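So this block is run.cif, mmCIF, N, CA and C atoms:
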```
data_input
#
loop_
_atom_site.label_atom_id
_atom_site.label_comp_id
_atom_site.auth_asym_id
_atom_site.auth_seq_id
_atom_site.Cartn_x
_atom_site.Cartn_y
_atom_site.Cartn_z
N MET A 280 -18.81 -6.15 31.03
CA MET A 280 -18.93 -5.01 30.15
C MET A 280 -18.19 -3.83 30.79
N SER A 281 -17.50 -3.06 29.97
CA SER A 281 -16.71 -1.95 30.49
C SER A 281 -17.60 -0.77 30.92
N ARG A 282 -17.01 0.13 31.68
CA ARG A 282 -17.74 1.34 32.11
C ARG A 282 -18.11 2.19 30.90
N VAL A 283 -17.21 2.27 29.94
CA VAL A 283 -17.47 3.05 28.73
C VAL A 283 -18.71 2.50 28.02
N ALA A 284 -18.73 1.21 27.79
CA ALA A 284 -19.86 0.58 27.10
C ALA A 284 -21.16 0.76 27.88
N ILE A 285 -21.11 0.63 29.19
CA ILE A 285 -22.31 0.79 30.01
C ILE A 285 -22.84 2.22 29.90
N LYS A 286 -21.96 3.21 30.00
CA LYS A 286 -22.39 4.61 29.89
C LYS A 286 -23.01 4.89 28.53
N VAL A 287 -22.35 4.42 27.48
CA VAL A 287 -22.85 4.66 26.13
C VAL A 287 -24.20 3.98 25.94
N LEU A 288 -24.30 2.72 26.27
CA LEU A 288 -25.55 1.99 26.08
C LEU A 288 -26.69 2.56 26.91
N THR A 289 -26.40 3.01 28.11
CA THR A 289 -27.42 3.63 28.94
C THR A 289 -27.95 4.90 28.27
N THR A 290 -27.05 5.68 27.72
CA THR A 290 -27.45 6.93 27.07
C THR A 290 -28.27 6.68 25.81
N VAL A 291 -27.83 5.77 24.96
CA VAL A 291 -28.53 5.59 23.68
C VAL A 291 -29.81 4.77 23.79
N THR A 292 -29.91 3.89 24.76
CA THR A 292 -31.12 3.06 24.85
C THR A 292 -32.17 3.61 25.81
N ALA A 293 -31.81 4.51 26.70
CA ALA A 293 -32.75 5.00 27.70
C ALA A 293 -34.06 5.52 27.10
N PRO A 294 -34.01 6.36 26.07
CA PRO A 294 -35.28 6.88 25.55
C PRO A 294 -36.12 5.83 24.82
N TYR A 295 -35.50 4.76 24.39
CA TYR A 295 -36.20 3.78 23.56
C TYR A 295 -36.49 2.47 24.27
N GLY A 296 -35.83 2.24 25.39
CA GLY A 296 -36.07 1.05 26.18
C GLY A 296 -35.67 -0.25 25.51
N GLY A 297 -34.86 -0.17 24.49
CA GLY A 297 -34.46 -1.38 23.78
C GLY A 297 -33.24 -2.03 24.37
N ALA A 298 -33.09 -3.29 24.06
CA ALA A 298 -31.90 -4.03 24.47
C ALA A 298 -30.93 -4.05 23.29
N LEU A 299 -29.71 -3.66 23.55
CA LEU A 299 -28.70 -3.57 22.51
C LEU A 299 -27.36 -3.90 23.13
N SER A 300 -26.57 -4.71 22.46
CA SER A 300 -25.24 -5.01 22.99
C SER A 300 -24.25 -3.97 22.48
N ALA A 301 -23.13 -3.88 23.15
CA ALA A 301 -22.07 -2.96 22.71
C ALA A 301 -21.60 -3.34 21.31
N HIS A 302 -21.52 -4.63 21.03
CA HIS A 302 -21.08 -5.08 19.70
C HIS A 302 -22.09 -4.71 18.63
N ASP A 303 -23.37 -4.81 18.95
CA ASP A 303 -24.41 -4.40 18.00
C ASP A 303 -24.29 -2.92 17.69
N LEU A 304 -24.14 -2.11 18.72
CA LEU A 304 -24.02 -0.66 18.51
C LEU A 304 -22.76 -0.34 17.72
N ALA A 305 -21.67 -1.00 18.03
CA ALA A 305 -20.42 -0.77 17.30
C ALA A 305 -20.60 -1.05 15.81
N GLY A 306 -21.28 -2.12 15.49
CA GLY A 306 -21.54 -2.43 14.09
C GLY A 306 -22.41 -1.39 13.43
N ARG A 307 -23.40 -0.91 14.16
CA ARG A 307 -24.32 0.08 13.59
C ARG A 307 -23.66 1.42 13.35
N ILE A 308 -22.76 1.85 14.24
CA ILE A 308 -22.16 3.18 14.05
C ILE A 308 -21.16 3.20 12.91
N ALA A 309 -20.78 2.03 12.41
CA ALA A 309 -19.88 1.95 11.26
C ALA A 309 -20.61 1.54 9.99
N ASP A 310 -21.93 1.36 10.07
CA ASP A 310 -22.72 0.90 8.94
C ASP A 310 -23.43 2.08 8.27
N PRO A 311 -23.08 2.40 7.02
CA PRO A 311 -23.72 3.52 6.33
C PRO A 311 -25.24 3.37 6.24
N GLY A 312 -25.73 2.15 6.25
CA GLY A 312 -27.16 1.93 6.21
C GLY A 312 -27.89 2.46 7.44
N SER A 313 -27.17 2.63 8.53
CA SER A 313 -27.79 3.16 9.75
C SER A 313 -28.37 4.55 9.52
N ALA A 314 -27.65 5.37 8.78
CA ALA A 314 -28.15 6.72 8.49
C ALA A 314 -29.32 6.65 7.53
N GLU A 315 -29.22 5.79 6.55
CA GLU A 315 -30.31 5.67 5.57
C GLU A 315 -31.59 5.13 6.22
N ARG A 316 -31.44 4.30 7.25
CA ARG A 316 -32.59 3.77 7.99
C ARG A 316 -33.02 4.71 9.12
N CYS A 317 -32.25 5.78 9.29
CA CYS A 317 -32.50 6.74 10.38
C CYS A 317 -32.56 6.03 11.73
N ASP A 318 -31.56 5.20 11.97
CA ASP A 318 -31.48 4.42 13.21
C ASP A 318 -31.39 5.37 14.41
N PRO A 319 -32.41 5.40 15.26
CA PRO A 319 -32.41 6.36 16.36
C PRO A 319 -31.30 6.11 17.39
N LEU A 320 -30.89 4.86 17.55
CA LEU A 320 -29.84 4.56 18.52
C LEU A 320 -28.49 5.09 18.03
N VAL A 321 -28.25 5.00 16.75
CA VAL A 321 -26.99 5.52 16.20
C VAL A 321 -27.01 7.04 16.24
N PHE A 322 -28.16 7.64 15.90
CA PHE A 322 -28.26 9.09 15.99
C PHE A 322 -28.04 9.54 17.43
N ALA A 323 -28.61 8.82 18.39
CA ALA A 323 -28.41 9.15 19.80
C ALA A 323 -26.93 9.06 20.17
N PHE A 324 -26.24 8.06 19.63
CA PHE A 324 -24.81 7.93 19.91
C PHE A 324 -24.07 9.19 19.47
N PHE A 325 -24.33 9.64 18.25
CA PHE A 325 -23.61 10.79 17.72
C PHE A 325 -24.11 12.13 18.24
N SER A 326 -25.33 12.17 18.77
CA SER A 326 -25.87 13.46 19.22
C SER A 326 -25.96 13.61 20.74
N GLU A 327 -26.05 12.51 21.47
CA GLU A 327 -26.26 12.58 22.92
C GLU A 327 -25.06 12.15 23.76
N VAL A 328 -24.18 11.36 23.19
CA VAL A 328 -22.99 10.89 23.91
C VAL A 328 -21.88 11.92 23.72
N SER A 329 -21.16 12.22 24.78
CA SER A 329 -20.09 13.23 24.67
C SER A 329 -19.03 12.76 23.67
N PRO A 330 -18.40 13.70 22.98
CA PRO A 330 -17.36 13.33 22.02
C PRO A 330 -16.22 12.50 22.64
N ARG A 331 -15.87 12.80 23.86
CA ARG A 331 -14.82 12.04 24.55
C ARG A 331 -15.24 10.59 24.73
N LEU A 332 -16.49 10.39 25.14
CA LEU A 332 -17.00 9.05 25.35
C LEU A 332 -17.22 8.32 24.02
N GLN A 333 -17.64 9.06 23.00
CA GLN A 333 -17.76 8.47 21.66
C GLN A 333 -16.41 7.89 21.23
N GLN A 334 -15.36 8.69 21.37
CA GLN A 334 -14.04 8.25 20.93
C GLN A 334 -13.57 7.06 21.76
N ALA A 335 -13.82 7.08 23.06
CA ALA A 335 -13.43 5.96 23.91
C ALA A 335 -14.14 4.68 23.49
N PHE A 336 -15.43 4.79 23.17
CA PHE A 336 -16.20 3.62 22.73
C PHE A 336 -15.67 3.11 21.40
N ILE A 337 -15.44 3.99 20.46
CA ILE A 337 -14.92 3.61 19.14
C ILE A 337 -13.58 2.91 19.29
N ASP A 338 -12.71 3.45 20.12
CA ASP A 338 -11.41 2.83 20.35
C ASP A 338 -11.56 1.45 21.01
N GLU A 339 -12.37 1.39 22.05
CA GLU A 339 -12.55 0.15 22.81
C GLU A 339 -13.16 -0.97 21.96
N MET A 340 -14.10 -0.59 21.09
CA MET A 340 -14.81 -1.58 20.29
C MET A 340 -14.15 -1.82 18.93
N HIS A 341 -13.03 -1.16 18.70
CA HIS A 341 -12.27 -1.33 17.45
C HIS A 341 -13.11 -1.02 16.22
N VAL A 342 -13.87 0.07 16.32
CA VAL A 342 -14.68 0.54 15.20
C VAL A 342 -13.79 1.30 14.24
N ASP A 343 -13.98 1.09 12.96
CA ASP A 343 -13.23 1.82 11.95
C ASP A 343 -13.62 3.30 12.07
N PRO A 344 -12.68 4.17 12.46
CA PRO A 344 -13.03 5.58 12.67
C PRO A 344 -13.46 6.29 11.38
N THR A 345 -12.93 5.87 10.26
CA THR A 345 -13.33 6.47 8.99
C THR A 345 -14.78 6.14 8.68
N ALA A 346 -15.17 4.91 8.90
CA ALA A 346 -16.55 4.50 8.68
C ALA A 346 -17.48 5.24 9.63
N ALA A 347 -17.10 5.34 10.89
CA ALA A 347 -17.93 6.05 11.88
C ALA A 347 -18.06 7.52 11.50
N ARG A 348 -16.98 8.12 11.05
CA ARG A 348 -17.00 9.52 10.62
C ARG A 348 -17.98 9.71 9.44
N GLN A 349 -17.98 8.77 8.51
CA GLN A 349 -18.88 8.85 7.36
C GLN A 349 -20.34 8.74 7.79
N VAL A 350 -20.62 7.83 8.71
CA VAL A 350 -21.98 7.67 9.21
C VAL A 350 -22.40 8.94 9.97
N ALA A 351 -21.53 9.45 10.81
CA ALA A 351 -21.83 10.68 11.55
C ALA A 351 -22.07 11.85 10.60
N ALA A 352 -21.27 11.94 9.55
CA ALA A 352 -21.44 13.02 8.58
C ALA A 352 -22.79 12.93 7.88
N ARG A 353 -23.21 11.73 7.56
CA ARG A 353 -24.51 11.56 6.90
C ARG A 353 -25.64 11.92 7.86
N PHE A 354 -25.54 11.51 9.12
CA PHE A 354 -26.55 11.91 10.10
C PHE A 354 -26.55 13.43 10.26
N SER A 355 -25.39 14.03 10.24
CA SER A 355 -25.29 15.48 10.35
C SER A 355 -26.01 16.16 9.20
N GLU A 356 -25.84 15.64 7.99
CA GLU A 356 -26.54 16.18 6.82
C GLU A 356 -28.05 16.04 6.99
N LEU A 357 -28.48 14.86 7.42
CA LEU A 357 -29.91 14.62 7.60
C LEU A 357 -30.52 15.50 8.69
N ALA A 358 -29.75 15.73 9.74
CA ALA A 358 -30.24 16.54 10.86
C ALA A 358 -30.22 18.03 10.54
N GLY A 359 -29.33 18.43 9.65
CA GLY A 359 -29.24 19.84 9.30
C GLY A 359 -28.34 20.65 10.21
N TYR A 360 -27.57 19.97 11.03
CA TYR A 360 -26.60 20.66 11.88
C TYR A 360 -25.41 19.75 12.14
N SER A 361 -24.31 20.37 12.52
CA SER A 361 -23.08 19.61 12.72
C SER A 361 -23.12 18.85 14.04
N LEU A 362 -22.80 17.59 13.97
CA LEU A 362 -22.70 16.77 15.17
C LEU A 362 -21.27 16.85 15.70
N PRO A 363 -21.09 16.78 17.01
CA PRO A 363 -19.75 16.95 17.60
C PRO A 363 -18.68 16.03 17.03
N PHE A 364 -19.01 14.77 16.76
CA PHE A 364 -18.00 13.84 16.25
C PHE A 364 -17.50 14.27 14.89
N VAL A 365 -18.39 14.80 14.06
CA VAL A 365 -18.02 15.27 12.73
C VAL A 365 -17.12 16.49 12.85
N SER A 366 -17.51 17.44 13.69
CA SER A 366 -16.72 18.66 13.88
C SER A 366 -15.34 18.34 14.43
N LYS A 367 -15.28 17.45 15.40
CA LYS A 367 -14.01 17.08 16.03
C LYS A 367 -13.10 16.43 15.00
N CYS A 368 -13.65 15.57 14.17
CA CYS A 368 -12.84 14.88 13.16
C CYS A 368 -12.33 15.86 12.11
N ARG A 369 -13.12 16.84 11.75
CA ARG A 369 -12.67 17.83 10.78
C ARG A 369 -11.49 18.62 11.33
N LEU A 370 -11.54 18.95 12.62
CA LEU A 370 -10.46 19.70 13.22
C LEU A 370 -9.19 18.86 13.32
N ALA A 371 -9.35 17.57 13.58
CA ALA A 371 -8.20 16.68 13.75
C ALA A 371 -7.59 16.29 12.41
N ALA A 372 -8.37 16.35 11.35
CA ALA A 372 -7.88 15.90 10.03
C ALA A 372 -6.88 16.86 9.42
#
```
Give the structure from the file, written as structure tokens.
Amino acid sequence: MSRVAIKVLTTVTAPYGGALSAHDLAGRIADPGSAERCDPLVFAFFSEVSPRLQQAFIDEMHVDPTAARQVAARFSELAGYSLPFVSKCRLAA
């Protein structure tokens, strides 16, 4: 497992103590249902992992960035504040 994946998984699973693979997380961050289910691990990814590390993970795991942006935007709406990945993508667009 890469250093990027280890750092990300450590950050998102630490509060919950769950076992999750990098591939599982990659699938969840691109799945719109994650926001509708209020998946805490996906929310932790978008709120607790640095934007630089988020982008590295998305690139490394070949996650569709448009799908991830949509999921992050929905979590941002649910949370009531802008998440870094959403803000960064708006600036880059």
Residues near Ala305 in chain A, cut-off 8 Å, all atoms listed in the file, skip fewer than 6 positions along chain, as a VMD selection string: chain A and resid 336 to 337 340 to 343
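Separating CA of Ser281 in chain A from atom N of Arg331 in chain A is a distance of 16.2 Å.
Atom to atom, CA of Ala352 in chain A and atom N of Glu315 in chain A stand 10.8 Å apart.
With only C-alpha atoms as the atoms that count, the minimum distance from Leu332 in chain A to the choices A:Ser313, A:Ser300, A:Pro294, A:Phe364 is reached by A:Phe364.
Across the structure, atom C of Cys317 in chain A and atom N of Arg282 in chain A are spaced 26.0 Å apart.
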Taking the file above as input, evaluate the PyMOL selection byres ((chain A and resi 321-324) around 6.5) and report the hits as an NGL selection string. :A and (290-291 or 307-308 or 317-320 or 325-328)
Residue nearest Gly312 in chain A among A:Val350, A:Ile285, A:Val365, A:Ala293 (counting all atoms listed in the file): A:Val350
What parts of chain A does DSSP call alpha helix (DSSP H)? I'd like the answer as a ChimeraX atom specification. /A:282-292,301-308,312-315,319-327,330-339,344-358,363-371
